[in-house]
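Source file: entry-v7.cif; contents: mmCIF, C-alpha atoms.
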```
data_input
loop_
_atom_site.label_atom_id
_atom_site.label_comp_id
_atom_site.auth_asym_id
_atom_site.auth_seq_id
_atom_site.Cartn_x
_atom_site.Cartn_y
_atom_site.Cartn_z
CA MET X 1058 -36.28 27.32 -30.92
CA ARG X 1059 -39.75 27.80 -29.54
CA LEU X 1060 -42.40 25.28 -28.58
CA ASN X 1061 -45.82 26.38 -29.82
CA GLY X 1062 -44.33 29.86 -30.19
CA GLU X 1063 -43.76 30.13 -26.43
CA ILE X 1064 -40.63 30.69 -24.39
CA TYR X 1065 -39.55 27.79 -22.20
CA ASP X 1066 -39.54 28.54 -18.48
CA GLY X 1067 -36.42 26.88 -17.01
CA GLU X 1068 -36.14 25.11 -13.65
CA ASP X 1069 -34.71 28.21 -11.98
CA GLY X 1070 -37.57 30.36 -13.26
CA GLU X 1071 -35.44 32.08 -15.87
CA GLU X 1072 -36.61 32.17 -19.42
CA GLU X 1073 -34.69 29.99 -21.86
CA GLU X 1074 -35.27 29.56 -25.53
CA GLN X 1075 -35.25 25.93 -26.63
CA LYS X 1076 -32.45 24.99 -28.99
CA LEU X 1077 -33.49 21.56 -30.20
CA VAL X 1078 -36.99 20.15 -29.78
CA VAL X 1079 -37.38 16.38 -30.06
CA GLY X 1080 -40.93 15.10 -30.19
CA TYR X 1081 -41.33 11.48 -29.18
CA ALA X 1082 -44.01 8.84 -29.65
CA LEU X 1083 -43.03 5.82 -27.56
CA THR X 1084 -44.78 3.16 -25.52
CA LEU X 1085 -44.73 3.70 -21.76
CA LYS X 1086 -42.23 0.85 -21.40
CA LYS X 1087 -39.90 2.32 -24.03
CA LYS X 1088 -40.20 5.81 -22.57
CA LYS X 1089 -39.23 4.55 -19.11
CA SER X 1090 -36.17 2.65 -20.36
CA PHE X 1091 -35.01 5.32 -22.83
CA LEU X 1092 -35.79 8.69 -21.25
CA GLN X 1093 -33.89 8.09 -18.03
CA PRO X 1094 -33.23 11.09 -15.75
CA LYS X 1095 -29.47 11.15 -16.39
CA PHE X 1096 -30.09 11.14 -20.15
CA GLU X 1097 -32.64 13.95 -19.98
CA ARG X 1098 -30.35 16.07 -17.78
CA LEU X 1099 -27.43 15.67 -20.17
CA ALA X 1100 -29.65 16.43 -23.15
CA ARG X 1101 -31.00 19.55 -21.47
CA ASN X 1102 -27.47 20.75 -20.80
CA LYS X 1103 -26.80 20.42 -24.53
CA GLY X 1104 -29.95 22.35 -25.42
CA ILE X 1105 -32.06 19.29 -26.29
CA PHE X 1106 -35.62 19.12 -24.98
CA PHE X 1107 -37.95 16.13 -25.28
CA VAL X 1108 -41.65 16.72 -25.80
CA ALA X 1109 -44.26 13.95 -25.69
CA ILE X 1110 -46.47 13.74 -28.78
CA ASP X 1111 -50.19 13.68 -27.94
CA LEU X 1112 -51.68 10.85 -29.98
CA ASN X 1113 -55.17 12.27 -29.44
CA ARG X 1114 -54.34 15.47 -31.31
CA PRO X 1115 -53.36 16.03 -34.96
CA LEU X 1116 -49.59 15.82 -35.23
CA SER X 1117 -49.44 18.86 -37.51
CA ASP X 1118 -51.00 20.94 -34.70
CA GLN X 1119 -48.13 20.10 -32.37
CA GLY X 1120 -44.56 21.29 -32.17
CA PRO X 1121 -42.78 22.78 -33.95
CA PHE X 1122 -40.32 19.89 -33.79
CA ASP X 1123 -36.80 19.60 -35.10
CA ILE X 1124 -36.69 15.83 -34.73
CA ILE X 1125 -39.30 13.14 -34.12
CA LEU X 1126 -38.34 9.87 -32.42
CA HIS X 1127 -40.91 7.12 -32.62
CA LYS X 1128 -41.50 3.44 -32.03
CA LEU X 1129 -45.18 2.72 -32.43
CA SER X 1130 -46.21 -0.07 -34.77
CA SER X 1131 -49.91 0.51 -35.41
CA LYS X 1132 -51.00 0.99 -39.00
CA GLU X 1133 -52.74 4.24 -38.04
CA TRP X 1134 -49.54 5.71 -36.59
CA CYS X 1135 -47.49 4.68 -39.61
CA GLU X 1136 -49.92 6.55 -41.86
CA ILE X 1137 -49.86 9.62 -39.59
CA ILE X 1138 -46.07 9.85 -39.42
CA GLU X 1139 -45.67 9.19 -43.16
CA ASP X 1140 -48.13 11.98 -44.00
CA TYR X 1141 -46.28 14.25 -41.59
CA ARG X 1142 -42.95 13.49 -43.27
CA GLN X 1143 -44.40 14.51 -46.62
CA THR X 1144 -45.85 17.79 -45.36
CA HIS X 1145 -42.98 18.66 -42.98
CA PRO X 1146 -39.76 17.83 -44.86
CA GLU X 1147 -37.86 20.19 -42.55
CA VAL X 1148 -38.39 17.77 -39.61
CA THR X 1149 -36.04 14.79 -39.21
CA VAL X 1150 -38.12 11.66 -38.57
CA LEU X 1151 -36.23 8.82 -36.95
CA ASP X 1152 -36.82 6.63 -38.77
CA PRO X 1153 -39.01 6.37 -41.94
CA PRO X 1154 -41.95 4.02 -41.24
CA ASP X 1155 -41.56 2.07 -44.49
CA ALA X 1156 -37.92 1.31 -43.60
CA ILE X 1157 -38.91 0.19 -40.11
CA GLN X 1158 -41.60 -2.06 -41.57
CA HIS X 1159 -38.87 -3.99 -43.37
CA LEU X 1160 -37.62 -5.23 -39.99
CA HIS X 1161 -41.04 -6.45 -38.90
CA ASN X 1162 -40.59 -9.54 -41.06
CA ARG X 1163 -37.85 -11.95 -40.00
CA GLN X 1164 -37.56 -13.30 -43.52
CA SER X 1165 -36.90 -9.95 -45.17
CA MET X 1166 -34.84 -8.38 -42.37
CA LEU X 1167 -31.81 -10.61 -42.97
CA GLN X 1168 -31.95 -10.57 -46.77
CA ASP X 1169 -29.85 -7.41 -46.88
CA VAL X 1170 -27.09 -9.23 -44.99
CA VAL X 1171 -27.24 -12.08 -47.49
CA ASP X 1172 -26.98 -9.61 -50.37
CA LEU X 1173 -23.91 -7.96 -48.85
CA ASN X 1174 -21.63 -10.93 -49.44
CA LEU X 1175 -19.20 -9.64 -46.82
CA SER X 1176 -16.27 -12.02 -47.11
CA ASP X 1177 -12.50 -11.64 -46.92
CA PHE X 1178 -12.97 -8.34 -45.12
CA HIS X 1179 -11.45 -9.06 -41.71
CA GLY X 1180 -13.84 -11.99 -41.56
CA LYS X 1181 -16.94 -13.41 -43.18
CA VAL X 1182 -20.49 -12.39 -42.29
CA GLY X 1183 -23.48 -14.46 -43.28
CA VAL X 1184 -26.90 -15.62 -42.14
CA PRO X 1185 -27.73 -19.11 -40.80
CA ARG X 1186 -29.68 -21.23 -43.26
CA GLN X 1187 -33.38 -20.71 -42.71
CA MET X 1188 -36.83 -21.26 -44.15
CA VAL X 1189 -40.32 -19.90 -43.59
CA ILE X 1190 -43.43 -21.95 -42.84
CA THR X 1191 -46.66 -20.04 -43.34
CA LYS X 1192 -49.29 -22.78 -42.91
CA ASP X 1193 -50.04 -26.38 -41.93
CA PRO X 1194 -47.75 -27.25 -39.01
CA LEU X 1195 -48.10 -30.97 -39.84
CA SER X 1196 -46.11 -30.35 -43.02
CA ILE X 1197 -43.12 -28.83 -41.23
CA PRO X 1198 -41.11 -32.06 -40.73
CA ASP X 1199 -41.31 -32.89 -44.45
CA GLU X 1200 -40.57 -29.31 -45.49
CA VAL X 1201 -37.47 -29.25 -43.29
CA THR X 1202 -36.28 -32.53 -44.81
CA LYS X 1203 -36.78 -31.21 -48.35
CA ALA X 1204 -34.89 -28.01 -47.50
CA GLY X 1205 -32.03 -29.99 -45.98
CA LEU X 1206 -31.93 -27.97 -42.77
CA LYS X 1207 -29.92 -29.52 -39.97
CA LEU X 1208 -31.13 -29.89 -36.39
CA PRO X 1209 -31.32 -28.30 -33.91
CA LEU X 1210 -33.43 -25.47 -35.26
CA VAL X 1211 -34.33 -22.12 -33.74
CA ALA X 1212 -38.01 -21.31 -34.26
CA LYS X 1213 -39.05 -17.64 -34.32
CA PRO X 1214 -42.37 -15.96 -35.11
CA LEU X 1215 -42.25 -14.57 -38.66
CA VAL X 1216 -43.73 -11.20 -37.70
CA VAL X 1217 -42.11 -8.83 -35.20
CA ASP X 1218 -44.89 -6.59 -33.91
CA GLY X 1219 -43.51 -5.43 -30.59
CA SER X 1220 -45.50 -7.93 -28.54
CA SER X 1221 -43.80 -10.28 -26.09
CA LYS X 1222 -45.10 -13.22 -28.12
CA SER X 1223 -43.20 -12.06 -31.21
CA HIS X 1224 -39.97 -12.43 -29.23
CA GLU X 1225 -40.67 -15.97 -28.03
CA LEU X 1226 -37.98 -18.27 -29.37
CA PHE X 1227 -37.83 -22.06 -29.27
CA LEU X 1228 -35.14 -24.66 -29.88
CA ALA X 1229 -36.28 -27.80 -31.69
CA TYR X 1230 -34.14 -30.90 -31.14
CA ASP X 1231 -36.02 -33.42 -33.26
CA GLN X 1232 -37.83 -33.29 -36.55
CA PHE X 1233 -41.20 -34.69 -35.54
CA SER X 1234 -41.74 -32.20 -32.72
CA LEU X 1235 -41.64 -29.42 -35.31
CA SER X 1236 -45.32 -30.05 -36.04
CA GLU X 1237 -46.10 -28.57 -32.62
CA LEU X 1238 -45.05 -25.11 -33.80
CA GLU X 1239 -47.54 -22.40 -34.75
CA PRO X 1240 -47.04 -20.92 -38.24
CA PRO X 1241 -46.16 -18.45 -39.58
CA VAL X 1242 -42.70 -19.23 -38.28
CA VAL X 1243 -39.06 -18.90 -39.31
CA LEU X 1244 -36.86 -21.95 -38.81
CA GLN X 1245 -33.17 -21.14 -38.55
CA GLU X 1246 -30.28 -23.56 -38.15
CA PHE X 1247 -28.72 -23.25 -34.70
CA VAL X 1248 -25.03 -22.40 -34.94
CA ASN X 1249 -22.84 -23.28 -31.97
CA HIS X 1250 -21.26 -20.04 -30.78
CA GLY X 1251 -19.81 -20.68 -27.34
CA GLY X 1252 -22.79 -19.23 -25.50
CA VAL X 1253 -21.91 -15.61 -26.30
CA LEU X 1254 -23.79 -13.18 -28.53
CA PHE X 1255 -22.54 -9.79 -29.71
CA LYS X 1256 -25.09 -6.97 -29.58
CA ILE X 1257 -24.02 -4.25 -31.99
CA TYR X 1258 -25.83 -0.98 -31.32
CA ILE X 1259 -26.02 1.52 -34.17
CA VAL X 1260 -26.76 5.18 -33.42
CA GLY X 1261 -26.17 7.09 -36.64
CA ASP X 1262 -22.46 6.66 -37.36
CA ALA X 1263 -21.67 5.46 -33.84
CA ILE X 1264 -21.17 1.77 -33.09
CA LYS X 1265 -21.15 0.18 -29.64
CA VAL X 1266 -20.66 -3.55 -29.06
CA VAL X 1267 -21.51 -5.49 -25.92
CA ARG X 1268 -21.36 -9.19 -25.10
CA ARG X 1269 -24.44 -11.06 -23.94
CA PHE X 1270 -24.79 -14.59 -22.66
CA SER X 1271 -26.64 -16.79 -25.11
CA LEU X 1272 -27.51 -20.47 -25.49
CA PRO X 1273 -24.68 -22.95 -24.84
CA ASN X 1274 -23.37 -25.19 -27.59
CA VAL X 1275 -25.42 -28.27 -28.47
CA SER X 1276 -23.28 -31.39 -28.83
CA LYS X 1277 -24.04 -34.28 -31.17
CA ARG X 1278 -24.49 -36.47 -28.10
CA GLU X 1279 -27.05 -34.10 -26.61
CA LEU X 1280 -28.85 -33.87 -29.95
CA ALA X 1281 -29.12 -37.66 -30.10
CA LYS X 1282 -30.53 -37.91 -26.56
CA VAL X 1283 -32.88 -34.94 -26.36
CA ALA X 1284 -36.23 -34.66 -28.15
CA GLY X 1285 -38.88 -31.97 -28.16
CA ILE X 1286 -39.17 -28.21 -28.46
CA PHE X 1287 -38.02 -25.97 -25.65
CA PRO X 1288 -38.49 -22.24 -25.11
CA PHE X 1289 -35.31 -20.40 -24.35
CA PRO X 1290 -34.93 -17.27 -22.27
CA ARG X 1291 -34.41 -13.76 -23.53
CA VAL X 1292 -30.69 -13.14 -23.63
CA SER X 1293 -30.74 -9.40 -24.29
CA SER X 1294 -31.36 -8.18 -20.74
CA ALA X 1295 -28.70 -6.18 -18.94
CA ALA X 1296 -28.49 -8.94 -16.32
CA ALA X 1297 -27.23 -11.26 -19.05
CA SER X 1298 -24.21 -9.09 -19.77
CA ALA X 1299 -21.08 -11.12 -20.40
CA ASP X 1300 -18.67 -8.19 -20.61
CA ASP X 1301 -17.23 -8.77 -17.13
CA ALA X 1302 -17.37 -12.57 -17.18
CA ASP X 1303 -14.27 -14.79 -17.18
CA LEU X 1304 -14.63 -16.16 -20.71
CA ASP X 1305 -12.41 -18.10 -23.07
CA PRO X 1306 -10.52 -15.33 -24.95
CA ASP X 1307 -11.33 -16.98 -28.29
CA ILE X 1308 -15.04 -16.76 -27.48
CA ALA X 1309 -14.98 -13.33 -25.85
CA GLU X 1310 -12.95 -11.52 -28.53
CA LEU X 1311 -15.09 -8.89 -30.18
CA PRO X 1312 -15.57 -8.93 -33.96
CA PRO X 1313 -12.92 -6.85 -35.79
CA ARG X 1314 -13.74 -3.15 -35.79
CA PRO X 1315 -13.23 -2.69 -39.56
CA LEU X 1316 -15.72 -5.51 -40.19
CA LEU X 1317 -18.32 -3.92 -37.90
CA GLU X 1318 -17.86 -0.50 -39.49
CA ARG X 1319 -18.32 -1.90 -42.97
CA LEU X 1320 -21.36 -3.95 -41.93
CA ALA X 1321 -22.98 -1.00 -40.14
CA LYS X 1322 -22.35 1.37 -43.04
CA GLU X 1323 -23.80 -1.02 -45.59
CA LEU X 1324 -26.88 -1.83 -43.51
CA ARG X 1325 -27.54 1.83 -42.73
CA GLN X 1326 -27.67 2.51 -46.45
CA ARG X 1327 -29.61 -0.61 -47.44
CA LEU X 1328 -32.12 -0.46 -44.60
CA GLY X 1329 -32.50 3.32 -44.63
CA LEU X 1330 -32.28 3.33 -40.82
CA ARG X 1331 -30.10 5.14 -38.32
CA LEU X 1332 -31.31 3.54 -35.09
CA PHE X 1333 -31.02 -0.24 -34.89
CA ASN X 1334 -29.00 -3.08 -33.49
CA ILE X 1335 -27.56 -6.28 -34.89
CA ASP X 1336 -27.38 -9.59 -33.04
CA MET X 1337 -24.26 -11.39 -34.21
CA ILE X 1338 -22.56 -14.65 -33.23
CA ARG X 1339 -19.17 -16.19 -34.05
CA GLU X 1340 -19.22 -19.82 -35.13
CA HIS X 1341 -17.58 -21.85 -32.37
CA GLY X 1342 -14.14 -23.10 -33.26
CA THR X 1343 -13.51 -20.30 -35.77
CA THR X 1344 -11.98 -16.86 -35.43
CA ASP X 1345 -13.55 -15.04 -38.35
CA ILE X 1346 -16.88 -16.63 -39.34
CA PHE X 1347 -19.82 -14.58 -38.10
CA TYR X 1348 -23.59 -14.83 -38.48
CA VAL X 1349 -26.23 -12.14 -38.11
CA ILE X 1350 -29.27 -13.73 -36.48
CA ASP X 1351 -31.50 -10.72 -35.83
CA ILE X 1352 -31.87 -6.98 -36.48
CA ASN X 1353 -34.02 -4.73 -34.30
CA TYR X 1354 -35.21 -1.17 -34.79
CA PHE X 1355 -34.75 1.32 -31.91
CA PRO X 1356 -33.53 -1.33 -29.45
CA GLY X 1357 -33.12 -0.96 -25.68
CA TYR X 1358 -30.52 1.79 -25.77
CA GLY X 1359 -30.89 2.23 -22.02
CA LYS X 1360 -28.89 -1.00 -21.65
CA MET X 1361 -26.07 0.28 -23.87
CA PRO X 1362 -23.04 1.63 -21.98
CA ASP X 1363 -22.61 5.41 -22.35
CA TYR X 1364 -25.83 5.70 -24.32
CA GLU X 1365 -26.54 9.13 -22.88
CA GLU X 1366 -23.46 10.72 -24.45
CA ILE X 1367 -23.70 8.75 -27.68
CA PHE X 1368 -27.37 9.55 -28.27
CA THR X 1369 -27.20 13.24 -27.42
CA ASP X 1370 -24.18 13.64 -29.72
CA PHE X 1371 -26.18 11.90 -32.45
CA LEU X 1372 -29.17 14.24 -32.07
CA VAL X 1373 -26.92 17.28 -32.22
CA SER X 1374 -25.15 15.90 -35.30
CA CYS X 1375 -28.50 15.38 -37.04
CA MET X 1376 -29.26 19.06 -36.77
CA GLN X 1377 -25.74 20.17 -37.68
CA SER X 1378 -25.91 18.06 -40.82
CA LYS X 1379 -29.27 19.56 -41.71
CA TYR X 1380 -28.05 23.14 -41.27
CA LYS X 1381 -24.96 22.47 -43.40
CA LYS X 1382 -27.19 21.19 -46.20
CA ARG X 1383 -29.36 24.30 -45.98
CA LEU X 1384 -26.33 26.56 -46.19
CA ALA X 1385 -25.00 24.59 -49.15
CA ASN X 1386 -28.29 25.11 -50.98
#
```

Would you mind writing the file's structure down as C-alpha cells?
Amino acid sequence: MRLNGEIYDGEDGEEEEQKLVVGYALTLKKKKSFLQPKFERLARNKGIFFVAIDLNRPLSDQGPFDIILHKLSSKEWCEIIEDYRQTHPEVTVLDPPDAIQHLHNRQSMLQDVVDLNLSDFHGKVGVPRQMVITKDPLSIPDEVTKAGLKLPLVAKPLVVDGSSKSHELFLAYDQFSLSELEPPVVLQEFVNHGGVLFKIYIVGDAIKVVRRFSLPNVSKRELAKVAGIFPFPRVSSAAASADDADLDPDIAELPPRPLLERLAKELRQRLGLRLFNIDMIREHGTTDIFYVIDINYFPGYGKMPDYEEIFTDFLVSCMQSKYKKRLAN
C-alpha cells in the first residue's frame, strides 16, 4: 500500500511498497513505551509501517491508513475520530471512541463484569462491593454505613482521564477519615488477596497474564489499630513484577485458562474493545473466587512479555479478517 500515493524509500535506498499502514495518535509517553525499536523492527519485517498522525491537519487529508491506533482522551479528538470512522468505514479504528469512553467511568466499567454472572465455570468472577460518592465528603461516613460496606475501603477517582491524579488510590482504615476524600470517588471494599494481582492483557483474541505485587493482606488486628487514609503505590510497573518471585503456590497460581478465555471473550463483545487489560485478584484463602477490580483501555503493552510478536500478529490478523469479509461479500 502507498502512503499519500508515494512509494516508500527503504533503509537501503531501495524502493518498497508499504503493505500495512498503521496511523497512530498517542501521547509522547505512550509512544515511547509502545513503539519501542525492537517492536518497530519486527513490524517492518512483517510489512507493517507506523505513521504518526498530525493533529494539526485534518485527519481525512492524511494517510491512506489501513488501521488507526489511538489513545487520546480529549473531546475534540473523540469527535474527529468518530467522524473519520463514519466517512472511512474501510479503515479499522482501534478502538471506537464511544466504547473507550465506557471505561473512563469506574462505576460503569465494572458493570459488565457484574452482568456476566460468571460462576461455576472453573471458578467464580465478581466485583468487590462498591459505591459512588459524587458530592459532600462530610456525608461519606454515613453513606458507607447505610450501604453496609466493610472497612478497609479502596478509594479511587470516579473518572479515568489519563492524568496521574486519576490513578491515585487510597486505602481508608476507619470510617470517619472518609470525609477527607475528594468526591466524585468510588469506594470499593478491599479484598485480601495475598499481595498478588493478575494483569490480564487482551490483544484481540490473544491473552497474556502476568503477576504483579499488590497490597498485602490487612488483618483484623491491623484494622483495629490503624486509622486514617493512606495513598498506596502504583503496582502495575514492570519493577513490581512477581513472576519470578518465590511465592506461596496457592497465591501464585494463575487463574484457570478456560475462565480467562471465557471472561475475555465476553468482555470483548460487551465492551466492544479489542485492546484492554483486566486487573484481577484471587480472594485469599480460596482457590477459585476471583474479583475484577479495574479495566484499562490500551494499557502499557510495552511491559507485557512478548508484546512485539503478539501485537504484530494481531495487526496482521485484523487485515486478514477484513480481506476475508470483502471476498465473502

Residues within 12 Å of (-20.7, -23.9, -27.3), file coords, all atoms listed in the file, listed as a ChimeraX atom specification: /X:1247-1254,1270-1277,1304-1305,1307-1308,1338-1343

If you apply the PyMOL selection byres ((chain X and resi 1288) around 12) to this file, what residues do you get, as a PDB file with C-alpha atoms, in the frame of the given file?
```
ATOM      1  CA  LEU X1210     -33.430 -25.470 -35.260  1.00  0.00           C
ATOM      2  CA  VAL X1211     -34.330 -22.120 -33.740  1.00  0.00           C
ATOM      3  CA  ALA X1212     -38.010 -21.310 -34.260  1.00  0.00           C
ATOM      4  CA  LYS X1213     -39.050 -17.640 -34.320  1.00  0.00           C
ATOM      5  CA  LYS X1222     -45.100 -13.220 -28.120  1.00  0.00           C
ATOM      6  CA  HIS X1224     -39.970 -12.430 -29.230  1.00  0.00           C
ATOM      7  CA  GLU X1225     -40.670 -15.970 -28.030  1.00  0.00           C
ATOM      8  CA  LEU X1226     -37.980 -18.270 -29.370  1.00  0.00           C
ATOM      9  CA  PHE X1227     -37.830 -22.060 -29.270  1.00  0.00           C
ATOM     10  CA  LEU X1228     -35.140 -24.660 -29.880  1.00  0.00           C
ATOM     11  CA  ALA X1229     -36.280 -27.800 -31.690  1.00  0.00           C
ATOM     12  CA  TYR X1230     -34.140 -30.900 -31.140  1.00  0.00           C
ATOM     13  CA  LEU X1238     -45.050 -25.110 -33.800  1.00  0.00           C
ATOM     14  CA  LEU X1272     -27.510 -20.470 -25.490  1.00  0.00           C
ATOM     15  CA  GLY X1285     -38.880 -31.970 -28.160  1.00  0.00           C
ATOM     16  CA  ILE X1286     -39.170 -28.210 -28.460  1.00  0.00           C
ATOM     17  CA  PHE X1287     -38.020 -25.970 -25.650  1.00  0.00           C
ATOM     18  CA  PHE X1289     -35.310 -20.400 -24.350  1.00  0.00           C
ATOM     19  CA  PRO X1290     -34.930 -17.270 -22.270  1.00  0.00           C
ATOM     20  CA  ARG X1291     -34.410 -13.760 -23.530  1.00  0.00           C
TER      21      ARG X1291
END
```

The PyMOL selection byres ((chain X and resi 1365-1372) around 9) applied to the shown file, residues as an NGL selection string: :X and (1077 or 1079 or 1093 or 1095-1097 or 1099-1100 or 1103 or 1105 or 1124 or 1260-1263 or 1358-1359 or 1361-1364 or 1373-1377)

Using the chain letters and residue numbers of this document, give as a PDB file with C-alpha atoms, keeping the file's coordinate frame the residues selected by the PyMOL selection byres ((chain X and resi 1190) around 10).
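Resulting contents of part22.pdb:
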```
ATOM      1  CA  MET X1188     -36.830 -21.260 -44.150  1.00  0.00           C
ATOM      2  CA  VAL X1189     -40.320 -19.900 -43.590  1.00  0.00           C
ATOM      3  CA  THR X1191     -46.660 -20.040 -43.340  1.00  0.00           C
ATOM      4  CA  LYS X1192     -49.290 -22.780 -42.910  1.00  0.00           C
ATOM      5  CA  ASP X1193     -50.040 -26.380 -41.930  1.00  0.00           C
ATOM      6  CA  PRO X1194     -47.750 -27.250 -39.010  1.00  0.00           C
ATOM      7  CA  SER X1196     -46.110 -30.350 -43.020  1.00  0.00           C
ATOM      8  CA  ILE X1197     -43.120 -28.830 -41.230  1.00  0.00           C
ATOM      9  CA  GLU X1200     -40.570 -29.310 -45.490  1.00  0.00           C
ATOM     10  CA  VAL X1201     -37.470 -29.250 -43.290  1.00  0.00           C
ATOM     11  CA  PRO X1214     -42.370 -15.960 -35.110  1.00  0.00           C
ATOM     12  CA  LEU X1215     -42.250 -14.570 -38.660  1.00  0.00           C
ATOM     13  CA  LEU X1238     -45.050 -25.110 -33.800  1.00  0.00           C
ATOM     14  CA  GLU X1239     -47.540 -22.400 -34.750  1.00  0.00           C
ATOM     15  CA  PRO X1240     -47.040 -20.920 -38.240  1.00  0.00           C
ATOM     16  CA  PRO X1241     -46.160 -18.450 -39.580  1.00  0.00           C
ATOM     17  CA  VAL X1242     -42.700 -19.230 -38.280  1.00  0.00           C
ATOM     18  CA  VAL X1243     -39.060 -18.900 -39.310  1.00  0.00           C
ATOM     19  CA  LEU X1244     -36.860 -21.950 -38.810  1.00  0.00           C
TER      20      LEU X1244
END
```

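Non-sequential neighbours of X:Asp1300 (distance at most 8 Å, separation of 6 or more positions within a chain, all atoms listed in the file) are Val1267, Arg1268 and Arg1269 of chain X.
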
Find the spatial neighbours of X:Pro1153, counting all atoms listed in the file, within a cut-off of 10 Å - ignore same-chain residues fewer than 3 positions away - and output them as a short mmCIF file (atom, residue, chain, number, x, y, z; two decimals) with C-alpha atoms, in the coordinates of the input.
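Done, and the output landed in part.cif:
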```cif
data_model
loop_
_atom_site.label_atom_id
_atom_site.label_comp_id
_atom_site.auth_asym_id
_atom_site.auth_seq_id
_atom_site.Cartn_x
_atom_site.Cartn_y
_atom_site.Cartn_z
CA HIS X 1127 -40.91 7.12 -32.62
CA CYS X 1135 -47.49 4.68 -39.61
CA ILE X 1138 -46.07 9.85 -39.42
CA GLU X 1139 -45.67 9.19 -43.16
CA ARG X 1142 -42.95 13.49 -43.27
CA THR X 1149 -36.04 14.79 -39.21
CA VAL X 1150 -38.12 11.66 -38.57
CA ALA X 1156 -37.92 1.31 -43.60
CA ILE X 1157 -38.91 0.19 -40.11
CA GLN X 1158 -41.60 -2.06 -41.57
CA GLY X 1329 -32.50 3.32 -44.63
CA LEU X 1330 -32.28 3.33 -40.82
CA ARG X 1331 -30.10 5.14 -38.32
#
```

Among the residues X:Leu1129, X:Val1216, X:Arg1314, X:Ala1284, the one that comes closest to X:Ser1165 [using all atoms listed in the file]: X:Val1216

Distance criterion (all atoms listed in the file): nearest to X:Lys1265 out of X:Ser1130, X:Ser1298, X:Ser1220, X:Asn1334: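 Comparing X:Ser1130, X:Ser1298, X:Ser1220, X:Asn1334 against X:Lys1265, the winner is X:Asn1334.
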
Atom CA of X:Pro1209 to atom CA of X:Leu1280, straight-line distance in Å: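 Pair atom CA of X:Leu1280 / atom CA of X:Pro1209 returns 7.3 Å.
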
Shell of 7 Å around X:Ile1352, only C-alpha atoms, local chain residues under 2 positions omitted, as a list in words: Leu1160, Met1166, Phe1333, Asn1334, Ile1335, Asp1336 and Tyr1354 of chain X

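Counting only C-alpha atoms, the residue from X:Val1184, X:Leu1167, X:Ile1350, X:Leu1208 that sits nearest to X:Phe1255 is X:Ile1350.
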
Between atom CA of X:Asp1140 and atom CA of X:Gln1326, distance in Å (one decimal): 22.7 Å

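Coordinates place atom CA of X:Pro1185 at a distance of 11.7 Å from atom CA of X:Gln1164.
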
Nearest to X:Lys1181, chosen from X:Leu1328, X:Leu1206, X:Leu1320, X:Val1108, with only C-alpha atoms counted in the distances: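 Looking only at the distances to X:Lys1181, the closest residue turns out to be X:Leu1320.
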
Exercise: X:Glu1318 partners within 12 Å, only C-alpha atoms, chain neighbours under 2 positions left out, as a ChimeraX atom specification: /X:1175,1178-1179,1257-1259,1261-1266,1312-1316,1320-1325

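If you count only C-alpha atoms and ignore residues fewer than 6 places along the chain from X:Ile1125, what sits within 9 Å of it is X:Val1078, X:Val1079, X:Gly1080, X:Tyr1081, X:Ala1082, X:Ile1110, X:Val1148, X:Thr1149, X:Val1150, X:Leu1151, X:Asp1152.
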
Minimum-distance residue to X:Gly1205, chosen among X:Asn1113, X:Asp1118, X:Gln1245, X:Phe1233 (using only C-alpha atoms):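 Checking each candidate against X:Gly1205, we get X:Gln1245 as the closest.
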
Pick from X:Leu1126, X:Pro1198, X:Lys1089, X:Trp1134 nearest to X:Ser1234, counting only C-alpha atoms: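 Of X:Leu1126, X:Pro1198, X:Lys1089, X:Trp1134, the one nearest X:Ser1234 is X:Pro1198, counting only C-alpha atoms.
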
If I only have part of stretch 1302-1312 of chain X, can you fill in N, CA and C atoms and write it as a PDB file, in the coordinates of the input?
```
ATOM      1  N   ALA X1302     -17.518 -11.155 -17.527  1.00  0.00           N
ATOM      2  CA  ALA X1302     -17.370 -12.570 -17.180  1.00  0.00           C
ATOM      3  C   ALA X1302     -15.990 -13.092 -17.579  1.00  0.00           C
ATOM      4  N   ASP X1303     -15.561 -14.159 -16.893  1.00  0.00           N
ATOM      5  CA  ASP X1303     -14.270 -14.790 -17.180  1.00  0.00           C
ATOM      6  C   ASP X1303     -14.478 -15.798 -18.306  1.00  0.00           C
ATOM      7  N   LEU X1304     -14.326 -15.337 -19.538  1.00  0.00           N
ATOM      8  CA  LEU X1304     -14.630 -16.160 -20.710  1.00  0.00           C
ATOM      9  C   LEU X1304     -13.355 -16.603 -21.412  1.00  0.00           C
ATOM     10  N   ASP X1305     -13.486 -17.669 -22.179  1.00  0.00           N
ATOM     11  CA  ASP X1305     -12.410 -18.100 -23.070  1.00  0.00           C
ATOM     12  C   ASP X1305     -12.109 -16.931 -24.017  1.00  0.00           C
ATOM     13  N   PRO X1306     -10.856 -16.487 -24.090  1.00  0.00           N
ATOM     14  CA  PRO X1306     -10.520 -15.330 -24.950  1.00  0.00           C
ATOM     15  C   PRO X1306     -10.961 -15.516 -26.405  1.00  0.00           C
ATOM     16  N   ASP X1307     -10.914 -16.749 -26.904  1.00  0.00           N
ATOM     17  CA  ASP X1307     -11.330 -16.980 -28.290  1.00  0.00           C
ATOM     18  C   ASP X1307     -12.823 -16.740 -28.480  1.00  0.00           C
ATOM     19  N   ILE X1308     -13.593 -16.973 -27.403  1.00  0.00           N
ATOM     20  CA  ILE X1308     -15.040 -16.760 -27.480  1.00  0.00           C
ATOM     21  C   ILE X1308     -15.386 -15.294 -27.216  1.00  0.00           C
ATOM     22  N   ALA X1309     -14.654 -14.692 -26.276  1.00  0.00           N
ATOM     23  CA  ALA X1309     -14.980 -13.330 -25.850  1.00  0.00           C
ATOM     24  C   ALA X1309     -14.497 -12.248 -26.800  1.00  0.00           C
ATOM     25  N   GLU X1310     -13.509 -12.551 -27.644  1.00  0.00           N
ATOM     26  CA  GLU X1310     -12.950 -11.520 -28.530  1.00  0.00           C
ATOM     27  C   GLU X1310     -14.030 -10.904 -29.405  1.00  0.00           C
ATOM     28  N   LEU X1311     -14.081  -9.592 -29.388  1.00  0.00           N
ATOM     29  CA  LEU X1311     -15.090  -8.890 -30.180  1.00  0.00           C
ATOM     30  C   LEU X1311     -14.785  -9.023 -31.670  1.00  0.00           C
ATOM     31  N   PRO X1312     -15.802  -8.929 -32.507  1.00  0.00           N
ATOM     32  CA  PRO X1312     -15.570  -8.930 -33.960  1.00  0.00           C
ATOM     33  C   PRO X1312     -14.652  -7.767 -34.333  1.00  0.00           C
TER      34      PRO X1312
END
```
